[in-house]
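upload-v8.cif (mmCIF, C-alpha atoms) appears below.
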```cif
data_my_file
loop_
_atom_site.group_PDB
_atom_site.id
_atom_site.type_symbol
_atom_site.label_atom_id
_atom_site.label_comp_id
_atom_site.auth_asym_id
_atom_site.auth_seq_id
_atom_site.Cartn_x
_atom_site.Cartn_y
_atom_site.Cartn_z
ATOM 1 C CA MET A 193 20.551 62.851 58.524
ATOM 2 C CA THR A 194 24.107 62.432 57.262
ATOM 3 C CA SER A 195 26.800 63.800 59.549
ATOM 4 C CA SER A 196 29.502 66.128 58.253
ATOM 5 C CA TYR A 197 32.123 63.475 58.881
ATOM 6 C CA GLN A 198 30.180 60.863 56.905
ATOM 7 C CA GLN A 199 29.682 63.379 54.105
ATOM 8 C CA LEU A 200 33.451 63.884 54.025
ATOM 9 C CA ILE A 201 33.986 60.118 53.849
ATOM 10 C CA ASP A 202 31.492 59.874 50.993
ATOM 11 C CA ASN A 203 33.240 62.699 49.147
ATOM 12 C CA LEU A 204 36.638 61.070 49.560
ATOM 13 C CA GLU A 205 35.276 57.760 48.325
ATOM 14 C CA TYR A 206 33.706 59.474 45.316
ATOM 15 C CA LEU A 207 37.027 61.165 44.531
ATOM 16 C CA LYS A 208 38.820 57.825 45.028
ATOM 17 C CA LEU A 209 41.155 59.259 47.656
ATOM 18 C CA LYS A 210 41.562 55.934 49.397
ATOM 19 C CA GLN A 211 44.657 56.753 51.426
ATOM 20 C CA VAL A 212 43.118 59.966 52.740
ATOM 21 C CA MET A 213 40.139 57.906 53.876
ATOM 22 C CA VAL A 214 42.343 55.314 55.570
ATOM 23 C CA HIS A 215 44.362 57.894 57.502
ATOM 24 C CA LEU A 216 41.614 60.475 58.063
ATOM 25 C CA GLN A 217 40.647 59.588 61.637
ATOM 26 C CA ASP A 218 44.236 59.312 62.914
ATOM 27 C CA THR A 219 45.223 62.538 61.180
ATOM 28 C CA ILE A 220 42.276 64.439 62.656
ATOM 29 C CA ASP A 221 43.210 63.163 66.120
ATOM 30 C CA PHE A 222 46.858 64.089 65.581
ATOM 31 C CA SER A 223 45.916 67.506 64.221
ATOM 32 C CA THR A 224 43.627 68.264 67.158
ATOM 33 C CA LYS A 225 46.162 67.101 69.740
ATOM 34 C CA ASN A 226 49.028 69.064 68.193
ATOM 35 C CA GLU A 227 46.966 72.074 67.105
ATOM 36 C CA LEU A 228 47.924 71.818 63.452
ATOM 37 C CA SER A 229 46.584 74.374 61.041
ATOM 38 C CA LEU A 230 44.095 73.353 58.384
ATOM 39 C CA VAL A 231 46.792 73.680 55.710
ATOM 40 C CA ASP A 232 49.263 71.475 57.587
ATOM 41 C CA THR A 233 46.549 68.896 58.201
ATOM 42 C CA LEU A 234 45.673 68.781 54.512
ATOM 43 C CA ILE A 235 49.344 68.475 53.581
ATOM 44 C CA LYS A 236 49.732 65.536 55.947
ATOM 45 C CA LEU A 237 46.652 63.817 54.517
ATOM 46 C CA THR A 238 47.481 64.387 50.868
ATOM 47 C CA ASN A 239 51.059 63.177 51.406
ATOM 48 C CA TYR A 240 49.674 59.729 52.210
ATOM 49 C CA GLU A 241 47.868 59.691 48.877
ATOM 50 C CA ILE A 242 50.847 61.004 46.929
ATOM 51 C CA ASP A 243 53.272 58.495 48.477
ATOM 52 C CA VAL A 244 51.141 55.499 47.474
ATOM 53 C CA ARG A 245 50.445 56.836 43.987
ATOM 54 C CA GLU A 246 54.125 57.576 43.456
ATOM 55 C CA LYS A 247 55.054 54.033 44.479
ATOM 56 C CA THR A 248 52.400 52.633 42.150
ATOM 57 C CA MET A 249 53.717 54.747 39.293
ATOM 58 C CA ILE A 250 57.310 53.637 39.942
ATOM 59 C CA ASP A 251 56.272 49.963 40.078
ATOM 60 C CA SER A 252 54.443 50.444 36.785
ATOM 61 C CA MET A 253 57.469 52.066 35.111
ATOM 62 C CA VAL A 254 59.708 49.198 36.239
ATOM 63 C CA LYS A 255 57.193 46.636 35.003
ATOM 64 C CA VAL A 256 56.954 48.337 31.591
ATOM 65 C CA GLY A 257 60.761 48.180 31.366
ATOM 66 C CA ALA A 258 60.522 44.386 30.875
ATOM 67 C CA PHE A 259 63.682 43.713 32.869
ATOM 68 C CA PRO A 260 64.813 40.073 33.107
ATOM 69 C CA HIS A 261 65.103 40.394 36.896
ATOM 70 C CA ARG A 262 64.888 43.015 39.642
ATOM 71 C CA LYS A 263 68.566 42.977 40.588
ATOM 72 C CA GLU A 264 69.694 46.447 41.604
ATOM 73 C CA ILE A 265 73.162 47.886 42.003
ATOM 74 C CA GLY A 266 73.314 47.121 45.717
ATOM 75 C CA GLU A 267 73.291 43.403 44.895
ATOM 76 C CA PHE A 268 76.280 43.549 42.547
ATOM 77 C CA GLN A 269 79.448 42.008 43.968
ATOM 78 C CA PHE A 270 82.122 44.482 42.938
ATOM 79 C CA ASP A 271 84.757 42.563 44.911
ATOM 80 C CA PHE A 272 84.348 39.637 42.530
ATOM 81 C CA GLN A 273 85.063 41.820 39.473
ATOM 82 C CA PRO A 274 87.946 44.140 40.470
ATOM 83 C CA SER A 275 88.345 45.338 36.868
ATOM 84 C CA ILE A 276 85.120 47.348 37.303
ATOM 85 C CA ASN A 277 85.375 50.899 38.621
ATOM 86 C CA LYS A 278 82.626 51.025 41.243
ATOM 87 C CA GLN A 279 82.501 54.813 41.345
ATOM 88 C CA GLN A 280 82.054 54.913 37.581
ATOM 89 C CA ILE A 281 79.092 52.526 37.814
ATOM 90 C CA LEU A 282 77.540 54.570 40.627
ATOM 91 C CA ASP A 283 77.878 57.615 38.393
ATOM 92 C CA PHE A 284 75.927 55.738 35.705
ATOM 93 C CA VAL A 285 73.236 54.907 38.278
ATOM 94 C CA SER A 286 72.954 58.643 39.005
ATOM 95 C CA LEU A 287 71.738 58.877 35.382
ATOM 96 C CA ARG A 288 74.016 61.777 34.504
ATOM 97 C CA PHE A 289 74.753 60.079 31.181
ATOM 98 C CA LEU A 290 71.079 60.416 30.215
ATOM 99 C CA GLU A 291 71.238 64.178 30.464
ATOM 100 C CA ARG A 292 74.135 64.142 28.026
ATOM 101 C CA LYS A 293 72.421 61.595 25.730
ATOM 102 C CA GLN A 294 75.401 59.286 26.058
ATOM 103 C CA ASN A 295 75.529 55.559 25.385
ATOM 104 C CA LEU A 296 77.011 52.856 27.625
ATOM 105 C CA ILE A 297 78.595 49.681 26.284
ATOM 106 C CA PHE A 298 79.413 46.793 28.607
ATOM 107 C CA MET A 299 81.855 44.375 27.026
ATOM 108 C CA GLY A 300 83.118 41.069 28.375
ATOM 109 C CA SER A 301 82.758 37.313 28.338
ATOM 110 C CA SER A 302 79.656 35.505 29.541
ATOM 111 C CA GLY A 303 78.816 35.724 33.239
ATOM 112 C CA VAL A 304 80.950 38.734 34.221
ATOM 113 C CA GLY A 305 77.978 40.919 35.159
ATOM 114 C CA LYS A 306 77.154 42.895 32.013
ATOM 115 C CA THR A 307 73.416 42.239 32.120
ATOM 116 C CA HIS A 308 73.221 42.795 35.888
ATOM 117 C CA LEU A 309 74.854 46.215 35.557
ATOM 118 C CA ALA A 310 72.744 47.220 32.559
ATOM 119 C CA THR A 311 69.563 46.108 34.324
ATOM 120 C CA SER A 312 70.488 47.912 37.551
ATOM 121 C CA ILE A 313 71.007 51.173 35.689
ATOM 122 C CA GLY A 314 67.762 50.630 33.814
ATOM 123 C CA ILE A 315 65.802 50.032 37.015
ATOM 124 C CA ALA A 316 67.326 53.179 38.524
ATOM 125 C CA ALA A 317 66.123 55.110 35.469
ATOM 126 C CA ALA A 318 62.639 53.587 35.596
ATOM 127 C CA LYS A 319 62.358 54.479 39.286
ATOM 128 C CA LYS A 320 63.002 58.084 38.298
ATOM 129 C CA ARG A 321 60.047 57.749 35.908
ATOM 130 C CA THR A 322 62.317 57.696 32.876
ATOM 131 C CA SER A 323 60.894 55.708 29.957
ATOM 132 C CA THR A 324 63.101 52.617 29.815
ATOM 133 C CA TYR A 325 62.929 49.329 27.932
ATOM 134 C CA PHE A 326 65.071 46.171 28.063
ATOM 135 C CA ILE A 327 65.266 43.689 25.193
ATOM 136 C CA LYS A 328 67.570 40.901 24.035
ATOM 137 C CA CYS A 329 69.301 41.741 20.763
ATOM 138 C CA HIS A 330 67.984 38.594 19.082
ATOM 139 C CA ASP A 331 64.397 39.443 20.075
ATOM 140 C CA LEU A 332 64.851 43.004 18.860
ATOM 141 C CA ILE A 333 66.026 41.809 15.447
ATOM 142 C CA LEU A 334 63.141 39.334 15.179
ATOM 143 C CA ASN A 335 60.622 42.049 16.036
ATOM 144 C CA LEU A 336 62.043 44.467 13.478
ATOM 145 C CA LYS A 337 62.184 41.735 10.862
ATOM 146 C CA ARG A 338 58.567 40.756 11.510
ATOM 147 C CA ALA A 339 57.483 44.395 11.359
ATOM 148 C CA LYS A 340 59.151 44.791 7.979
ATOM 149 C CA LEU A 341 57.332 41.761 6.591
ATOM 150 C CA GLU A 342 54.038 43.183 7.882
ATOM 151 C CA ASN A 343 54.720 46.660 6.410
ATOM 152 C CA ARG A 344 54.868 48.345 9.803
ATOM 153 C CA LEU A 345 58.610 48.796 10.214
ATOM 154 C CA GLU A 346 58.400 52.569 10.600
ATOM 155 C CA ALA A 347 55.952 52.253 13.488
ATOM 156 C CA ARG A 348 58.114 49.626 15.186
ATOM 157 C CA LEU A 349 61.236 51.734 14.839
ATOM 158 C CA LYS A 350 59.381 54.685 16.368
ATOM 159 C CA HIS A 351 58.278 52.442 19.226
ATOM 160 C CA TYR A 352 61.868 51.534 20.139
ATOM 161 C CA GLY A 353 63.027 55.032 19.333
ATOM 162 C CA LYS A 354 60.693 56.699 21.835
ATOM 163 C CA TYR A 355 62.354 55.310 24.986
ATOM 164 C CA ARG A 356 64.725 57.690 26.651
ATOM 165 C CA LEU A 357 66.809 54.658 27.620
ATOM 166 C CA LEU A 358 66.892 51.497 25.509
ATOM 167 C CA ILE A 359 68.885 48.503 26.780
ATOM 168 C CA ILE A 360 69.952 45.992 24.118
ATOM 169 C CA ASP A 361 71.356 42.859 25.712
ATOM 170 C CA GLU A 362 73.646 40.156 24.281
ATOM 171 C CA LEU A 363 74.766 41.610 20.960
ATOM 172 C CA GLY A 364 77.027 39.085 19.282
ATOM 173 C CA PHE A 365 75.714 35.895 20.840
ATOM 174 C CA LEU A 366 73.887 35.091 17.605
ATOM 175 C CA PRO A 367 74.844 36.134 14.049
ATOM 176 C CA ILE A 368 72.906 38.867 12.235
ATOM 177 C CA ASP A 369 72.549 38.662 8.460
ATOM 178 C CA LYS A 370 73.095 41.678 6.210
ATOM 179 C CA GLU A 371 69.429 42.585 5.773
ATOM 180 C CA ASP A 372 68.755 42.390 9.499
ATOM 181 C CA ALA A 373 71.907 44.424 10.142
ATOM 182 C CA LYS A 374 70.348 47.225 8.085
ATOM 183 C CA LEU A 375 67.294 47.165 10.342
ATOM 184 C CA PHE A 376 69.501 47.406 13.419
ATOM 185 C CA PHE A 377 71.370 50.315 11.864
ATOM 186 C CA GLN A 378 68.108 52.176 11.232
ATOM 187 C CA LEU A 379 67.225 51.968 14.909
ATOM 188 C CA ILE A 380 70.664 53.104 16.080
ATOM 189 C CA ASP A 381 70.602 55.934 13.553
ATOM 190 C CA LEU A 382 67.120 56.980 14.727
ATOM 191 C CA ARG A 383 68.306 57.242 18.336
ATOM 192 C CA TYR A 384 71.671 58.832 17.517
ATOM 193 C CA GLU A 385 72.275 61.996 19.590
ATOM 194 C CA LYS A 386 68.625 61.981 20.715
ATOM 195 C CA LYS A 387 68.334 59.178 23.264
ATOM 196 C CA SER A 388 70.675 56.954 25.291
ATOM 197 C CA THR A 389 71.314 53.279 24.599
ATOM 198 C CA ILE A 390 72.949 50.682 26.834
ATOM 199 C CA LEU A 391 74.393 47.727 24.986
ATOM 200 C CA THR A 392 76.016 44.541 26.285
ATOM 201 C CA THR A 393 78.241 42.387 24.105
ATOM 202 C CA ASN A 394 80.702 39.518 24.382
ATOM 203 C CA MET A 395 82.525 40.590 21.205
ATOM 204 C CA SER A 396 85.292 43.155 20.741
ATOM 205 C CA PHE A 397 84.656 45.963 18.273
ATOM 206 C CA LYS A 398 87.069 44.365 15.809
ATOM 207 C CA GLU A 399 84.741 41.368 15.658
ATOM 208 C CA TRP A 400 81.617 43.361 14.822
ATOM 209 C CA ASP A 401 82.247 42.906 11.092
ATOM 210 C CA GLY A 402 81.550 39.230 11.675
ATOM 211 C CA ILE A 403 78.434 39.904 13.753
ATOM 212 C CA PHE A 404 76.770 42.031 11.082
ATOM 213 C CA GLN A 405 78.441 40.297 8.119
ATOM 214 C CA ASP A 406 78.964 43.656 6.447
ATOM 215 C CA THR A 407 81.935 45.904 7.163
ATOM 216 C CA LYS A 408 80.261 49.126 6.047
ATOM 217 C CA ILE A 409 77.168 48.596 8.198
ATOM 218 C CA ALA A 410 79.255 47.509 11.174
ATOM 219 C CA ASN A 411 81.373 50.645 10.894
ATOM 220 C CA ALA A 412 78.286 52.856 10.540
ATOM 221 C CA ILE A 413 76.723 51.325 13.652
ATOM 222 C CA LEU A 414 79.942 51.667 15.635
ATOM 223 C CA ASP A 415 80.380 55.253 14.462
ATOM 224 C CA ARG A 416 77.005 56.274 15.895
ATOM 225 C CA LEU A 417 77.180 54.186 19.048
ATOM 226 C CA LEU A 418 80.683 55.229 20.053
ATOM 227 C CA HIS A 419 80.507 58.930 19.182
ATOM 228 C CA HIS A 420 79.001 59.729 22.598
ATOM 229 C CA ALA A 421 79.709 56.600 24.606
ATOM 230 C CA THR A 422 81.521 55.146 27.572
ATOM 231 C CA VAL A 423 82.860 51.628 27.123
ATOM 232 C CA VAL A 424 83.282 49.376 30.169
ATOM 233 C CA ASN A 425 85.467 46.376 29.374
ATOM 234 C CA ILE A 426 85.005 43.758 32.100
ATOM 235 C CA VAL A 427 87.874 41.312 32.452
ATOM 236 C CA GLY A 428 87.192 38.514 34.919
ATOM 237 C CA GLN A 429 85.706 35.117 35.606
ATOM 238 C CA SER A 430 82.075 34.132 35.263
ATOM 239 C CA TYR A 431 80.088 34.715 38.437
ATOM 240 C CA ARG A 432 77.726 31.878 37.518
ATOM 241 C CA ILE A 433 80.431 29.207 37.653
ATOM 242 C CA LYS A 434 82.652 30.696 40.359
ATOM 243 C CA ASP A 435 81.879 27.901 42.825
ATOM 244 C CA HIS A 436 82.810 25.249 40.257
ATOM 245 C CA LEU A 437 86.092 27.024 39.508
ATOM 246 C CA LYS A 438 87.126 26.558 43.123
#
```
Show the structure stored in the file as structure tokens.
Amino acid sequence: MTSSYQQLIDNLEYLKLKQVMVHLQDTIDFSTKNELSLVDTLIKLTNYEIDVREKTMIDSMVKVGAFPHRKEIGEFQFDFQPSINKQQILDFVSLRFLERKQNLIFMGSSGVGKTHLATSIGIAAAKKRTSTYFIKCHDLILNLKRAKLENRLEARLKHYGKYRLLIIDELGFLPIDKEDAKLFFQLIDLRYEKKSTILTTNMSFKEWDGIFQDTKIANAILDRLLHHATVVNIVGQSYRIKDHLK
């Protein structure tokens, strides 16, 4: 004859409430010793399950974000880049800009921390279960170009357009021809005033004509990106080669 306790274990296993099973015995003992009510006991048990599932969900959101590394804001050395306003960056990490559908643009030479900051903000968003995706600009262009050739451009644009936060890294490191610039414009136009975009670039806005090789397209892209945007211009040395500079 199956005991009531074993029946409970079987029910929990059937319902796949693994954490409740793991902590059941200790929680019953704690509840009995401290005379907890049935409701409080159930809350304590279900909290174990919720905590693990929440962590799993957060890990999944971060993984889907395709970040190049897991560097968070606590690892950024603000002392090395005094041109950066730390409080401003912490405000970005609070994700207030997402509520206002604003864009962020990190500008500066190679190695000053643009990608680290963009990634840190993205990870903070993913941890809040905000749909976030990171992609290099060159890879983005290649994917859009391939989608166009395969007659599925609209679907690909919708894919990148669905993320509440899209991070486009390293704009300007490689040239973009006129036809590809039009594809990039379509994506920026699709997200305009609907979703937030973080962009990192090593080129000043005056040089964007050369990036896209078309003044009109460059201006149209800038117009939409900058309308609701905060620009962070980082002036400093490369962190990667700081030891060699000594």
Reference answer for the PyMOL selection byres ((chain A and resi 289-291) around 12), as number ranges by chain: A: 280-288, 292-296, 313-314, 316-317, 320, 322-324, 355-358, 385-390, 420-422
Nearby residues (all atoms listed in the file) at most 12 Å from stretch 245-254 of chain A, same-chain spacing under 2 positions excluded, as a VMD selection string: chain A and resid 208 to 212 238 to 243 256 to 264 311 to 326 355
Output check: residues returned by the PyMOL selection byres ((chain A and resi 412) around 12), as a ChimeraX atom specification: /A:373-374,376-381,384,400-401,404,406-411,413-419
Close residues, A:Lys350 itself excluded, 9 Å, only C-alpha atoms, min 4 positions apart in chain, as a PyMOL selection string: chain A and resi 345-346+354+379+382
12 Å contact set for A:Leu334, all atoms listed in the file, chain neighbours under 2 positions out, as a ChimeraX atom specification: /A:327-332,336-341,345,348,366,368-369,371-373,375-376
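What the PyMOL selection byres ((chain A and resi 270) around 12) matches in the given file is Ile265, Gly266, Glu267, Phe268, Gln269, Asp271, Phe272, Gln273, Pro274, Ser275, Ile276, Asn277, Lys278, Gln279, Gln280, Ile281, Leu282, Val304, Gly305, His308, Leu309, Ile426, Gly428 and Tyr431 of chain A.
Neighbours of stretch 217-224 of chain A closer than or equal to 8 Å, with all atoms listed in the file counted and sequence neighbours fewer than 3 positions away skipped, come out as Met213, Val214, Glu227, Leu228, Ser229, Thr233, Lys236 and Leu237 of chain A.
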Same residues, C-alpha atoms, output as a PDB file, in the frame of the given file:
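The resulting file, again-v1.pdb, is shown below:
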```pdb
ATOM      1  CA  MET A 213      40.139  57.906  53.876  1.00  0.00           C
ATOM      2  CA  VAL A 214      42.343  55.314  55.570  1.00  0.00           C
ATOM      3  CA  GLU A 227      46.966  72.074  67.105  1.00  0.00           C
ATOM      4  CA  LEU A 228      47.924  71.818  63.452  1.00  0.00           C
ATOM      5  CA  SER A 229      46.584  74.374  61.041  1.00  0.00           C
ATOM      6  CA  THR A 233      46.549  68.896  58.201  1.00  0.00           C
ATOM      7  CA  LYS A 236      49.732  65.536  55.947  1.00  0.00           C
ATOM      8  CA  LEU A 237      46.652  63.817  54.517  1.00  0.00           C
TER       9      LEU A 237
END
```
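Picture a line from atom CA of A:Asp202 to atom CA of A:His215; it runs 14.6 Å.
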Please, what is the axis-aligned box for every listed atom of stretch 392-401 of chain A with 8 Å on each side, as centre and edge lengths in Å to one decimal, as AutoDock Vina command-line options?
```
--center_x 81.5 --center_y 42.7 --center_z 18.7 --size_x 27.1 --size_y 22.4 --size_z 31.2
```
Between atom CA of A:Phe298 and atom CA of A:Lys398 - distance in Å to one decimal: 15.1 Å
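Picture a line from atom CA of A:Ile403 to atom CA of A:Glu362; it runs 11.6 Å.
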